file protein-v5.cif (mmCIF, C-alpha atoms)
data_query
#
loop_
_atom_site.group_PDB
_atom_site.id
_atom_site.type_symbol
_atom_site.label_atom_id
_atom_site.label_comp_id
_atom_site.auth_asym_id
_atom_site.auth_seq_id
_atom_site.Cartn_x
_atom_site.Cartn_y
_atom_site.Cartn_z
ATOM 1 C CA MET O 3 91.364 74.510 106.247
ATOM 2 C CA SER O 4 88.190 76.020 107.668
ATOM 3 C CA ASP O 5 85.091 76.941 105.675
ATOM 4 C CA MET O 6 85.813 80.569 106.581
ATOM 5 C CA ALA O 7 89.267 80.364 104.994
ATOM 6 C CA ILE O 8 87.826 78.795 101.837
ATOM 7 C CA SER O 9 85.077 81.401 101.467
ATOM 8 C CA ASN O 10 87.422 84.307 102.209
ATOM 9 C CA PRO O 11 90.696 83.640 100.378
ATOM 10 C CA VAL O 12 93.359 86.289 100.761
ATOM 11 C CA GLU O 13 93.366 88.384 97.583
ATOM 12 C CA VAL O 14 95.588 91.340 98.505
ATOM 13 C CA THR O 15 99.157 91.695 99.695
ATOM 14 C CA VAL O 16 100.254 95.020 101.187
ATOM 15 C CA ILE O 17 104.010 95.653 101.260
ATOM 16 C CA ILE O 18 105.354 97.932 104.002
ATOM 17 C CA PRO O 19 109.058 98.858 103.791
ATOM 18 C CA THR O 20 110.524 100.049 107.088
ATOM 19 C CA MET O 21 113.774 100.543 108.966
ATOM 20 C CA ALA O 22 112.015 98.851 111.913
ATOM 21 C CA ASP O 23 113.797 100.979 114.493
ATOM 22 C CA MET O 24 112.246 101.934 117.816
ATOM 23 C CA ARG O 25 111.764 105.538 116.703
ATOM 24 C CA ARG O 26 109.267 104.421 114.037
ATOM 25 C CA ARG O 27 107.630 101.631 116.024
ATOM 26 C CA ASP O 28 104.393 103.491 116.765
ATOM 27 C CA SER O 29 103.862 104.746 113.215
ATOM 28 C CA LEU O 30 104.709 101.309 111.787
ATOM 29 C CA PHE O 31 102.088 99.533 113.903
ATOM 30 C CA ARG O 32 99.588 102.295 113.161
ATOM 31 C CA ALA O 33 100.174 101.623 109.444
ATOM 32 C CA ILE O 34 99.669 97.875 109.982
ATOM 33 C CA ASP O 35 96.458 98.437 111.917
ATOM 34 C CA SER O 36 95.178 100.706 109.149
ATOM 35 C CA VAL O 37 95.689 97.906 106.597
ATOM 36 C CA ILE O 38 93.563 95.568 108.705
ATOM 37 C CA ALA O 39 90.820 98.201 108.975
ATOM 38 C CA ALA O 40 90.969 98.850 105.216
ATOM 39 C CA SER O 41 89.360 95.525 104.260
ATOM 40 C CA THR O 42 86.539 93.321 105.456
ATOM 41 C CA ARG O 43 88.568 90.320 104.281
ATOM 42 C CA PRO O 44 91.970 89.066 105.447
ATOM 43 C CA VAL O 45 94.956 90.845 103.882
ATOM 44 C CA HIS O 46 98.469 89.456 103.708
ATOM 45 C CA ILE O 47 100.969 92.021 104.993
ATOM 46 C CA VAL O 48 104.635 91.806 103.993
ATOM 47 C CA VAL O 49 106.874 93.987 106.141
ATOM 48 C CA VAL O 50 110.348 94.427 104.681
ATOM 49 C CA ALA O 51 112.659 95.565 107.486
ATOM 50 C CA ASN O 52 115.851 96.909 105.958
ATOM 51 C CA GLY O 53 119.104 98.459 107.173
ATOM 52 C CA ASN O 54 121.298 98.182 110.243
ATOM 53 C CA ARG O 55 118.953 100.132 112.531
ATOM 54 C CA ARG O 56 116.476 97.257 112.819
ATOM 55 C CA SER O 57 115.276 96.680 116.362
ATOM 56 C CA ALA O 58 115.073 93.091 117.610
ATOM 57 C CA GLU O 59 112.151 94.107 119.812
ATOM 58 C CA VAL O 60 110.237 95.557 116.859
ATOM 59 C CA GLU O 61 110.963 92.530 114.680
ATOM 60 C CA ASN O 62 109.826 90.126 117.401
ATOM 61 C CA ALA O 63 106.580 92.070 117.790
ATOM 62 C CA LEU O 64 106.042 91.840 114.033
ATOM 63 C CA ARG O 65 106.525 88.067 114.065
ATOM 64 C CA ASN O 66 103.649 87.747 116.498
ATOM 65 C CA ARG O 67 101.126 89.461 114.224
ATOM 66 C CA ASN O 68 98.596 87.399 112.249
ATOM 67 C CA HIS O 69 98.587 87.514 108.433
ATOM 68 C CA LEU O 70 102.000 89.185 108.519
ATOM 69 C CA GLU O 71 105.216 88.029 106.860
ATOM 70 C CA LEU O 72 108.488 89.625 107.992
ATOM 71 C CA LEU O 73 111.424 89.871 105.593
ATOM 72 C CA SER O 74 114.717 91.290 106.897
ATOM 73 C CA LEU O 75 117.452 92.883 104.775
ATOM 74 C CA ASP O 76 120.874 93.977 106.007
ATOM 75 C CA VAL O 77 121.045 96.622 103.288
ATOM 76 C CA GLY O 78 119.164 99.819 103.975
ATOM 77 C CA SER O 79 117.464 100.562 100.659
ATOM 78 C CA LEU O 80 113.877 101.557 99.940
ATOM 79 C CA PRO O 81 114.018 100.496 96.251
ATOM 80 C CA LEU O 82 115.438 97.092 97.225
ATOM 81 C CA ALA O 83 112.783 96.682 99.931
ATOM 82 C CA LEU O 84 110.042 97.429 97.388
ATOM 83 C CA LEU O 85 111.515 94.897 94.951
ATOM 84 C CA VAL O 86 111.872 92.164 97.572
ATOM 85 C CA GLY O 87 108.341 92.814 98.736
ATOM 86 C CA ARG O 88 106.993 92.570 95.192
ATOM 87 C CA GLN O 89 108.867 89.291 94.675
ATOM 88 C CA ALA O 90 107.056 87.866 97.704
ATOM 89 C CA VAL O 91 103.559 88.548 96.326
ATOM 90 C CA LYS O 92 101.414 85.445 95.750
ATOM 91 C CA THR O 93 97.977 87.082 95.692
ATOM 92 C CA PRO O 94 95.962 88.473 92.735
ATOM 93 C CA TYR O 95 96.480 92.072 93.898
ATOM 94 C CA PHE O 96 99.218 93.974 95.698
ATOM 95 C CA ALA O 97 99.738 97.439 97.135
ATOM 96 C CA PHE O 98 102.264 99.410 99.168
ATOM 97 C CA LEU O 99 102.223 101.572 102.275
ATOM 98 C CA ASP O 100 104.965 103.661 103.876
ATOM 99 C CA ASP O 101 105.462 102.979 107.563
ATOM 100 C CA ASP O 102 104.497 106.539 108.529
ATOM 101 C CA ASP O 103 101.344 106.732 106.388
ATOM 102 C CA GLU O 104 97.991 104.977 106.708
ATOM 103 C CA TYR O 105 95.014 103.623 104.804
ATOM 104 C CA LEU O 106 91.544 104.914 105.535
ATOM 105 C CA PRO O 107 88.832 102.408 106.565
ATOM 106 C CA GLY O 108 87.529 100.446 103.598
ATOM 107 C CA ALA O 109 90.377 101.593 101.316
ATOM 108 C CA ILE O 110 91.371 98.150 100.065
ATOM 109 C CA ASP O 111 87.797 96.983 99.522
ATOM 110 C CA ALA O 112 87.078 100.092 97.425
ATOM 111 C CA ARG O 113 90.148 99.532 95.256
ATOM 112 C CA VAL O 114 89.454 95.851 94.703
ATOM 113 C CA ALA O 115 85.870 96.686 93.725
ATOM 114 C CA ALA O 116 87.111 99.262 91.203
ATOM 115 C CA LEU O 117 89.361 96.725 89.464
ATOM 116 C CA ALA O 118 86.783 93.936 89.691
ATOM 117 C CA SER O 119 84.290 96.137 87.848
ATOM 118 C CA ASP O 120 86.606 96.669 84.862
ATOM 119 C CA ASP O 121 88.849 93.786 83.873
ATOM 120 C CA SER O 122 90.566 95.913 81.223
ATOM 121 C CA CYS O 123 92.279 98.036 83.900
ATOM 122 C CA ASP O 124 95.686 96.924 85.129
ATOM 123 C CA PHE O 125 95.847 99.073 88.254
ATOM 124 C CA VAL O 126 93.827 101.667 90.126
ATOM 125 C CA VAL O 127 94.861 104.980 91.652
ATOM 126 C CA THR O 128 92.860 106.824 94.272
ATOM 127 C CA ASN O 129 92.743 110.163 95.992
ATOM 128 C CA GLY O 130 93.843 110.729 99.545
ATOM 129 C CA TYR O 131 94.758 113.246 102.201
ATOM 130 C CA ARG O 132 97.969 115.023 103.087
ATOM 131 C CA TYR O 133 98.319 115.748 106.782
ATOM 132 C CA LEU O 134 101.071 118.260 107.514
ATOM 133 C CA ASP O 135 102.654 118.356 110.949
ATOM 134 C CA THR O 136 104.215 121.794 111.360
ATOM 135 C CA GLY O 137 105.555 121.003 114.803
ATOM 136 C CA GLU O 138 103.156 123.500 116.349
ATOM 137 C CA ARG O 139 99.502 123.220 115.427
ATOM 138 C CA ARG O 140 98.498 120.368 113.151
ATOM 139 C CA ALA O 141 96.682 121.407 110.030
ATOM 140 C CA ALA O 142 93.543 119.651 108.857
ATOM 141 C CA ASP O 143 93.580 116.987 106.157
ATOM 142 C CA ARG O 144 94.044 118.432 102.695
ATOM 143 C CA LEU O 145 92.920 116.606 99.589
ATOM 144 C CA TYR O 146 95.997 115.419 97.701
ATOM 145 C CA LEU O 147 94.870 115.302 94.056
ATOM 146 C CA ARG O 148 92.786 117.689 91.963
ATOM 147 C CA ASN O 149 91.124 117.210 88.565
ATOM 148 C CA GLN O 150 91.353 113.430 88.591
ATOM 149 C CA ASP O 151 89.164 113.250 85.479
ATOM 150 C CA LYS O 152 92.211 114.240 83.412
ATOM 151 C CA ILE O 153 93.990 111.051 84.463
ATOM 152 C CA SER O 154 91.480 108.754 82.772
ATOM 153 C CA MET O 155 91.493 110.782 79.550
ATOM 154 C CA ALA O 156 95.272 111.137 79.154
ATOM 155 C CA PRO O 157 97.214 109.541 82.019
ATOM 156 C CA LEU O 158 100.702 110.175 80.605
ATOM 157 C CA ALA O 159 100.071 113.870 79.977
ATOM 158 C CA ALA O 160 98.254 114.230 83.323
ATOM 159 C CA LEU O 161 101.348 112.936 85.101
ATOM 160 C CA PHE O 162 103.158 116.185 84.224
ATOM 161 C CA TYR O 163 100.394 118.392 85.572
ATOM 162 C CA GLN O 164 100.243 116.537 88.861
ATOM 163 C CA ASN O 165 101.839 113.272 89.887
ATOM 164 C CA TRP O 166 98.782 111.071 90.288
ATOM 165 C CA LEU O 167 100.847 108.290 91.886
ATOM 166 C CA PRO O 168 102.270 110.572 94.572
ATOM 167 C CA SER O 169 103.388 107.947 97.036
ATOM 168 C CA SER O 170 103.391 104.276 97.862
ATOM 169 C CA CYS O 171 99.871 104.259 99.286
ATOM 170 C CA ALA O 172 97.819 105.539 96.324
ATOM 171 C CA GLY O 173 97.481 102.427 94.148
ATOM 172 C CA LEU O 174 96.430 98.796 93.872
ATOM 173 C CA PHE O 175 97.940 96.605 91.145
ATOM 174 C CA ARG O 176 96.992 93.361 89.403
ATOM 175 C CA SER O 177 99.860 90.972 90.122
ATOM 176 C CA ALA O 178 99.519 89.150 86.796
ATOM 177 C CA ARG O 179 99.904 92.380 84.800
ATOM 178 C CA ILE O 180 102.271 94.549 86.831
ATOM 179 C CA GLY O 181 105.259 92.268 87.155
ATOM 180 C CA VAL O 182 108.461 92.313 89.162
ATOM 181 C CA GLU O 183 110.322 93.914 86.236
ATOM 182 C CA TYR O 184 108.694 97.287 86.873
ATOM 183 C CA PHE O 185 110.472 97.463 90.225
ATOM 184 C CA GLU O 186 113.902 96.287 89.088
ATOM 185 C CA GLU O 187 115.331 99.630 87.897
ATOM 186 C CA PRO O 188 113.930 102.251 90.269
ATOM 187 C CA HIS O 189 114.905 105.898 90.408
ATOM 188 C CA PRO O 190 115.962 107.214 93.840
ATOM 189 C CA TYR O 191 113.668 109.757 95.505
ATOM 190 C CA ALA O 192 111.177 109.549 92.612
ATOM 191 C CA GLU O 193 110.257 105.870 92.615
ATOM 192 C CA TRP O 194 106.528 106.437 92.129
ATOM 193 C CA THR O 195 106.756 109.084 89.412
ATOM 194 C CA TRP O 196 109.113 106.798 87.489
ATOM 195 C CA LEU O 197 106.840 103.790 88.019
ATOM 196 C CA ALA O 198 103.774 105.705 86.773
ATOM 197 C CA PHE O 199 105.714 106.849 83.696
ATOM 198 C CA LYS O 200 106.906 103.317 82.879
ATOM 199 C CA LEU O 201 103.423 101.877 83.289
ATOM 200 C CA CYS O 202 101.979 104.475 80.915
ATOM 201 C CA MET O 203 104.737 103.935 78.355
ATOM 202 C CA ALA O 204 104.016 100.194 78.521
ATOM 203 C CA GLY O 205 100.357 100.845 77.697
ATOM 204 C CA LYS O 206 99.007 99.783 81.073
ATOM 205 C CA LYS O 207 95.465 100.996 81.679
ATOM 206 C CA VAL O 208 94.690 102.842 84.889
ATOM 207 C CA ALA O 209 91.354 103.049 86.676
ATOM 208 C CA VAL O 210 90.716 106.220 88.654
ATOM 209 C CA LEU O 211 88.809 106.205 91.920
ATOM 210 C CA ASP O 212 88.124 109.756 93.097
ATOM 211 C CA GLN O 213 87.744 108.708 96.699
ATOM 212 C CA PRO O 214 90.133 109.408 99.578
ATOM 213 C CA THR O 215 91.608 106.084 100.658
ATOM 214 C CA PHE O 216 94.874 107.087 102.339
ATOM 215 C CA ARG O 217 96.532 109.672 104.541
ATOM 216 C CA ILE O 218 100.110 110.824 103.994
ATOM 217 C CA ASN O 219 101.541 112.121 107.248
ATOM 218 C CA ASP O 220 103.883 114.789 105.957
ATOM 219 C CA THR O 221 106.528 116.712 107.893
ATOM 220 C CA PRO O 222 108.540 119.836 107.015
ATOM 221 C CA ASP O 223 111.798 117.840 106.835
ATOM 222 C CA SER O 224 110.504 114.970 104.676
ATOM 223 C CA LEU O 225 112.635 113.663 101.807
ATOM 224 C CA SER O 226 110.443 115.340 99.214
ATOM 225 C CA LYS O 227 111.684 118.709 100.507
ATOM 226 C CA SER O 228 115.385 117.879 100.457
ATOM 227 C CA SER O 229 117.832 119.214 97.873
ATOM 228 C CA ALA O 230 118.756 115.634 96.925
ATOM 229 C CA TYR O 231 115.130 114.977 96.013
ATOM 230 C CA GLY O 232 115.106 117.954 93.643
ATOM 231 C CA GLU O 233 118.422 117.044 92.055
ATOM 232 C CA ALA O 234 117.219 113.482 91.429
ATOM 233 C CA TYR O 235 114.638 114.820 88.985
ATOM 234 C CA ASP O 236 117.357 116.119 86.642
ATOM 235 C CA GLU O 237 118.447 112.552 85.934
ATOM 236 C CA LEU O 238 114.858 111.280 85.971
ATOM 237 C CA TYR O 239 113.787 113.603 83.154
ATOM 238 C CA GLN O 240 116.740 112.500 81.032
ATOM 239 C CA LYS O 241 115.754 108.848 81.570
ATOM 240 C CA MET O 242 112.216 109.689 80.496
ATOM 241 C CA LEU O 243 113.421 111.376 77.308
ATOM 242 C CA ALA O 244 115.628 108.362 76.559
ATOM 243 C CA MET O 245 112.459 106.224 76.349
ATOM 244 C CA ASN O 246 111.333 108.273 73.318
ATOM 245 C CA PRO O 247 107.918 109.426 74.536
ATOM 246 C CA PRO O 248 105.484 111.150 72.143
ATOM 247 C CA LYS O 249 106.635 114.583 70.984
ATOM 248 C CA SER O 250 104.062 116.446 73.078
ATOM 249 C CA ILE O 251 105.160 114.557 76.187
ATOM 250 C CA ALA O 252 108.837 115.226 75.429
ATOM 251 C CA THR O 253 108.030 118.946 75.284
ATOM 252 C CA MET O 254 106.362 118.712 78.698
ATOM 253 C CA ILE O 255 109.401 116.916 80.107
ATOM 254 C CA ARG O 256 111.758 119.592 78.792
ATOM 255 C CA ALA O 257 109.536 122.279 80.296
ATOM 256 C CA HIS O 258 109.849 120.495 83.631
ATOM 257 C CA ILE O 259 113.630 120.431 83.246
ATOM 258 C CA GLY O 260 113.552 124.213 82.813
ATOM 259 C CA ARG O 261 111.317 124.603 85.847
ATOM 260 C CA ASN O 262 113.668 122.423 87.865
ATOM 261 C CA PHE O 263 116.610 124.666 86.920
ATOM 262 C CA HIS O 264 114.545 127.676 87.989
ATOM 263 C CA HIS O 265 113.831 126.105 91.392
ATOM 264 C CA GLN O 266 117.524 125.289 91.758
ATOM 265 C CA ALA O 267 118.439 128.888 90.920
ATOM 266 C CA ASP O 268 116.097 130.201 93.606
ATOM 267 C CA MET O 269 117.383 127.740 96.189
ATOM 268 C CA LEU O 270 121.017 128.602 95.372
ATOM 269 C CA ARG O 271 120.197 132.319 95.569
ATOM 270 C CA LYS O 272 118.839 131.867 99.067
ATOM 271 C CA GLN O 273 122.048 130.024 99.950
ATOM 272 C CA ARG O 274 124.045 132.971 98.500
ATOM 273 C CA GLU O 275 125.675 130.691 95.918
ATOM 274 C CA TRP O 276 125.538 133.449 93.321
ATOM 275 C CA ARG O 277 127.579 131.926 90.492
ATOM 276 C CA ALA O 278 125.755 128.582 90.683
ATOM 277 C CA ALA O 279 122.425 130.420 90.881
ATOM 278 C CA TRP O 280 123.224 132.363 87.697
ATOM 279 C CA ASN O 281 124.233 129.179 85.881
ATOM 280 C CA ALA O 282 120.982 127.425 86.820
ATOM 281 C CA HIS O 283 118.937 130.512 85.937
ATOM 282 C CA LEU O 284 120.483 130.896 82.489
ATOM 283 C CA LYS O 285 119.879 127.231 81.737
ATOM 284 C CA SER O 286 116.217 127.570 82.700
ATOM 285 C CA LEU O 287 115.678 130.195 79.982
ATOM 286 C CA PHE O 288 116.482 127.817 77.118
ATOM 287 C CA TYR O 289 113.758 125.265 77.782
ATOM 288 C CA PRO O 290 110.110 125.427 76.634
ATOM 289 C CA GLY O 291 108.378 128.258 78.478
ATOM 290 C CA GLY O 292 111.691 129.453 79.883
ATOM 291 C CA LEU O 293 111.124 133.134 79.079
ATOM 292 C CA LYS O 294 108.682 133.386 81.988
ATOM 293 C CA TYR O 295 111.691 132.991 84.294
ATOM 294 C CA LEU O 296 113.445 136.034 82.791
ATOM 295 C CA PRO O 297 112.122 138.483 85.451
ATOM 296 C CA PHE O 298 113.925 136.362 88.059
ATOM 297 C CA SER O 299 117.168 137.891 86.752
ATOM 298 C CA ARG O 300 116.577 140.982 88.874
ATOM 299 C CA HIS O 301 117.111 138.905 92.010
ATOM 300 C CA LEU O 302 120.613 138.068 90.790
ATOM 301 C CA VAL O 303 121.587 141.399 89.218
ATOM 302 C CA PHE O 304 121.017 143.665 92.203
ATOM 303 C CA LEU O 305 123.489 142.079 94.586
ATOM 304 C CA PRO O 306 125.626 143.754 97.246
ATOM 305 C CA ALA O 307 128.643 145.333 95.532
ATOM 306 C CA LYS O 308 131.159 143.073 97.234
ATOM 307 C CA GLU O 309 129.298 139.997 95.948
ATOM 308 C CA ASN O 310 128.693 141.250 92.406
ATOM 309 C CA ASP O 311 132.252 141.222 91.107
ATOM 310 C CA TRP O 312 132.126 138.098 88.976
ATOM 311 C CA SER O 313 130.561 136.905 85.732
ATOM 312 C CA PRO O 314 128.384 133.813 85.438
ATOM 313 C CA VAL O 315 129.765 130.840 83.560
ATOM 314 C CA VAL O 316 127.338 128.451 81.898
ATOM 315 C CA LYS O 317 128.677 124.916 81.729
#

call {"tool": "encode", "arguments": {"input": "protein-v5.cif", "output": "structure tokens"}}
result
Amino acid sequence: MSDMAISNPVEVTVIIPTMADMRRRDSLFRAIDSVIAASTRPVHIVVVANGNRRSAEVENALRNRNHLELLSLDVGSLPLALLVGRQAVKTPYFAFLDDDDEYLPGAIDARVAALASDDSCDFVVTNGYRYLDTGERRAADRLYLRNQDKISMAPLAALFYQNWLPSSCAGLFRSARIGVEYFEEPHPYAEWTWLAFKLCMAGKKVAVLDQPTFRINDTPDSLSKSSAYGEAYDELYQKMLAMNPPKSIATMIRAHIGRNFHHQADMLRKQREWRAAWNAHLKSLFYPGGLKYLPFSRHLVFLPAKENDWSPVVK
């Protein structure tokens, strides 16, 4: 082992889950290059290629990269890829990165420095940019998080004002304190919200670095805009309540359930699913703060005569 290797031991593992198909080749290698540029020291990169769309050409190219470990899974599953990646960590710190997002230069060094300066903190979260591709003219970077000072004061409550762990690329975790068990029972479409909630409920202390360290390359058809993503939060909120959070937090969760029903009602209205829209709307009224959704009733009452010949049924 060289003197350089001894003086610069690898401290961070970055896990990148990917389908490793040709369509995502360019964004995947851009993500890998951004990891290298994010630290002045070597970083171990674990790419977890999962699913039956894996390209042999992409996987061979990955095998030829330095400081990169390739793990291949036949099953296409993001939660499983995250778990397998976490199981492979052998460094003091670990982080994640989606294959279509990127770290900003110096991102990893800044996060390591934040944790090194306060040994009481178990993980660090940072700010970042959201870059929306509209398909026409690309918008400028927009700062992802606001009012980060609230996170340090009351991280669990702050989570319900704005998800401060919005994606895979926002955090860095101490391996000895954030174990594999936190990734063993994920929640589909809301993995990071669920992880942040579990960490807070377990009393893990978060450091907050109000510095942009990542870029999320968003698109209009991303998963976060799908109906399945919205529906997944119904079950997520019930799982949160089942963990018996403090009363004030439980009230916030129930308010979010009501808001979710309101969003469902509006979506169903636009799809002209009138009965289902009424059912979701009526449910939204019975949760904390639900009366503010009452004016929405007018959008369901004044329907074309031929479509207004039924009565809503609340299940």

call {"tool": "closest_residue", "arguments": {"input": "protein-v5.cif", "among": "O:Met242, O:Pro11, O:Val210, O:His283", "to": "Ala115 of chain O", "atoms": "all atoms listed in the file"}}
result
O:Val210

call {"tool": "atom_distance", "arguments": {"input": "protein-v5.cif", "atom1": "atom CA of Ser286 of chain O", "atom2": "atom CA of Ala192 of chain O"}}
result
21.2 Å

call {"tool": "closest_residue", "arguments": {"input": "protein-v5.cif", "among": "O:Val86, O:Leu80, O:Ala22, O:Leu201", "to": "Glu61 of chain O", "atoms": "all atoms listed in the file"}}
result
O:Ala22

call {"tool": "atom_distance", "arguments": {"input": "protein-v5.cif", "atom1": "atom CA of Phe298 of chain O", "atom2": "atom CA of Arg271 of chain O"}}
result
10.6 Å

call {"tool": "resolve_selection", "arguments": {"input": "protein-v5.cif", "expression": "the PyMOL selection byres ((chain O and resi 118-124) around 9)", "output": "list of chain:residue names"}}
result
O:Arg113, O:Val114, O:Ala115, O:Ala116, O:Leu117, O:Phe125, O:Val126, O:Leu174, O:Phe175, O:Arg176, O:Ser177, O:Ala178, O:Arg179, O:Ile180, O:Lys206, O:Lys207, O:Val208, O:Ala209

call {"tool": "closest_residue", "arguments": {"input": "protein-v5.cif", "among": "O:Ala159, O:Ile218, O:Ala252, O:Leu84", "to": "Gln240 of chain O", "atoms": "all atoms listed in the file"}}
result
O:Ala252

call {"tool": "residues_near_point", "arguments": {"input": "protein-v5.cif", "point": "(87.1, 112.3, 88.3)", "cutoff": "12 Å", "atoms": "all atoms listed in the file", "output": "MDAnalysis selection string"}}
result
chainID O and resid 127:129 147:155 166 209:213

call {"tool": "resolve_selection", "arguments": {"input": "protein-v5.cif", "expression": "the PyMOL selection byres ((chain O and resi 253-262) around 9)", "output": "PyMOL selection string"}}
result
chain O and resi 159+162+232-233+235-236+239-240+242-243+248-252+263-267+282-283+285-292+295

call {"tool": "closest_residue", "arguments": {"input": "protein-v5.cif", "among": "O:Arg88, O:Arg56, O:Arg274, O:Arg32", "to": "Ser74 of chain O", "atoms": "all atoms listed in the file"}}
result
O:Arg56

call {"tool": "atom_distance", "arguments": {"input": "protein-v5.cif", "atom1": "atom CA of Thr93 of chain O", "atom2": "atom CA of His69 of chain O"}}
result
12.8 Å

call {"tool": "closest_residue", "arguments": {"input": "protein-v5.cif", "among": "O:Lys241, O:Arg277, O:Arg132, O:Lys92", "to": "Glu104 of chain O", "atoms": "all atoms listed in the file"}}
result
O:Arg132

call {"tool": "resolve_selection", "arguments": {"input": "protein-v5.cif", "expression": "the PyMOL selection byres ((chain O and resi 44) around 6)", "output": "ChimeraX atom specification"}}
result
/O:12,43,45

call {"tool": "residues_around", "arguments": {"input": "protein-v5.cif", "residues": "Met203 of chain O", "least_positions_apart": "3", "cutoff": "10 Å", "atoms": "all atoms listed in the file", "output": "short mmCIF file (atom, residue, chain, number, x, y, z; two decimals) with C-alpha atoms, in the coordinates of the input"}}
result
data_model
loop_
_atom_site.label_atom_id
_atom_site.label_comp_id
_atom_site.auth_asym_id
_atom_site.auth_seq_id
_atom_site.Cartn_x
_atom_site.Cartn_y
_atom_site.Cartn_z
CA LEU O 158 100.70 110.18 80.60
CA LEU O 197 106.84 103.79 88.02
CA ALA O 198 103.77 105.70 86.77
CA PHE O 199 105.71 106.85 83.70
CA LYS O 200 106.91 103.32 82.88
CA LYS O 206 99.01 99.78 81.07
CA MET O 242 112.22 109.69 80.50
CA MET O 245 112.46 106.22 76.35
CA ASN O 246 111.33 108.27 73.32
CA PRO O 247 107.92 109.43 74.54
CA PRO O 248 105.48 111.15 72.14
#

call {"tool": "decode", "arguments": {"input": "protein-v5.cif", "residues": "segment 276-291 of chain O", "atoms": "N, CA and C atoms", "output": "compact mmCIF listing (two decimals), in the first residue's frame"}}
result
# COMPACT_ATOMS: atom_id res chain seq x y z
N TRP O 276 -66.73 11.88 -10.64
CA TRP O 276 -67.47 12.73 -9.71
C TRP O 276 -67.76 12.06 -8.38
N ARG O 277 -68.24 10.82 -8.41
CA ARG O 277 -68.57 10.15 -7.15
C ARG O 277 -67.33 9.98 -6.26
N ALA O 278 -66.23 9.52 -6.87
CA ALA O 278 -65.00 9.33 -6.11
C ALA O 278 -64.46 10.67 -5.60
N ALA O 279 -64.64 11.72 -6.41
CA ALA O 279 -64.19 13.05 -5.98
C ALA O 279 -64.98 13.52 -4.76
N TRP O 280 -66.29 13.30 -4.78
CA TRP O 280 -67.13 13.67 -3.62
C TRP O 280 -66.70 12.90 -2.37
N ASN O 281 -66.47 11.62 -2.53
CA ASN O 281 -66.07 10.80 -1.37
C ASN O 281 -64.78 11.31 -0.75
N ALA O 282 -63.78 11.60 -1.60
CA ALA O 282 -62.50 12.11 -1.10
C ALA O 282 -62.69 13.48 -0.46
N HIS O 283 -63.51 14.32 -1.08
CA HIS O 283 -63.74 15.67 -0.54
C HIS O 283 -64.40 15.61 0.83
N LEU O 284 -65.42 14.78 0.98
CA LEU O 284 -66.11 14.70 2.27
C LEU O 284 -65.18 14.17 3.37
N LYS O 285 -64.34 13.24 3.02
CA LYS O 285 -63.37 12.73 4.00
C LYS O 285 -62.41 13.84 4.44
N SER O 286 -62.00 14.69 3.51
CA SER O 286 -61.03 15.73 3.84
C SER O 286 -61.56 16.69 4.89
N LEU O 287 -62.88 16.85 4.98
CA LEU O 287 -63.48 17.82 5.90
C LEU O 287 -63.37 17.41 7.36
N PHE O 288 -63.17 16.12 7.63
CA PHE O 288 -63.22 15.61 8.99
C PHE O 288 -61.85 15.48 9.66
N TYR O 289 -60.83 16.02 9.01
CA TYR O 289 -59.50 16.00 9.60
C TYR O 289 -59.13 17.40 10.08
N PRO O 290 -58.12 17.52 10.96
CA PRO O 290 -57.74 18.84 11.47
C PRO O 290 -57.53 19.85 10.35
N GLY O 291 -58.20 21.00 10.47
CA GLY O 291 -58.09 22.03 9.45
C GLY O 291 -58.93 21.77 8.22
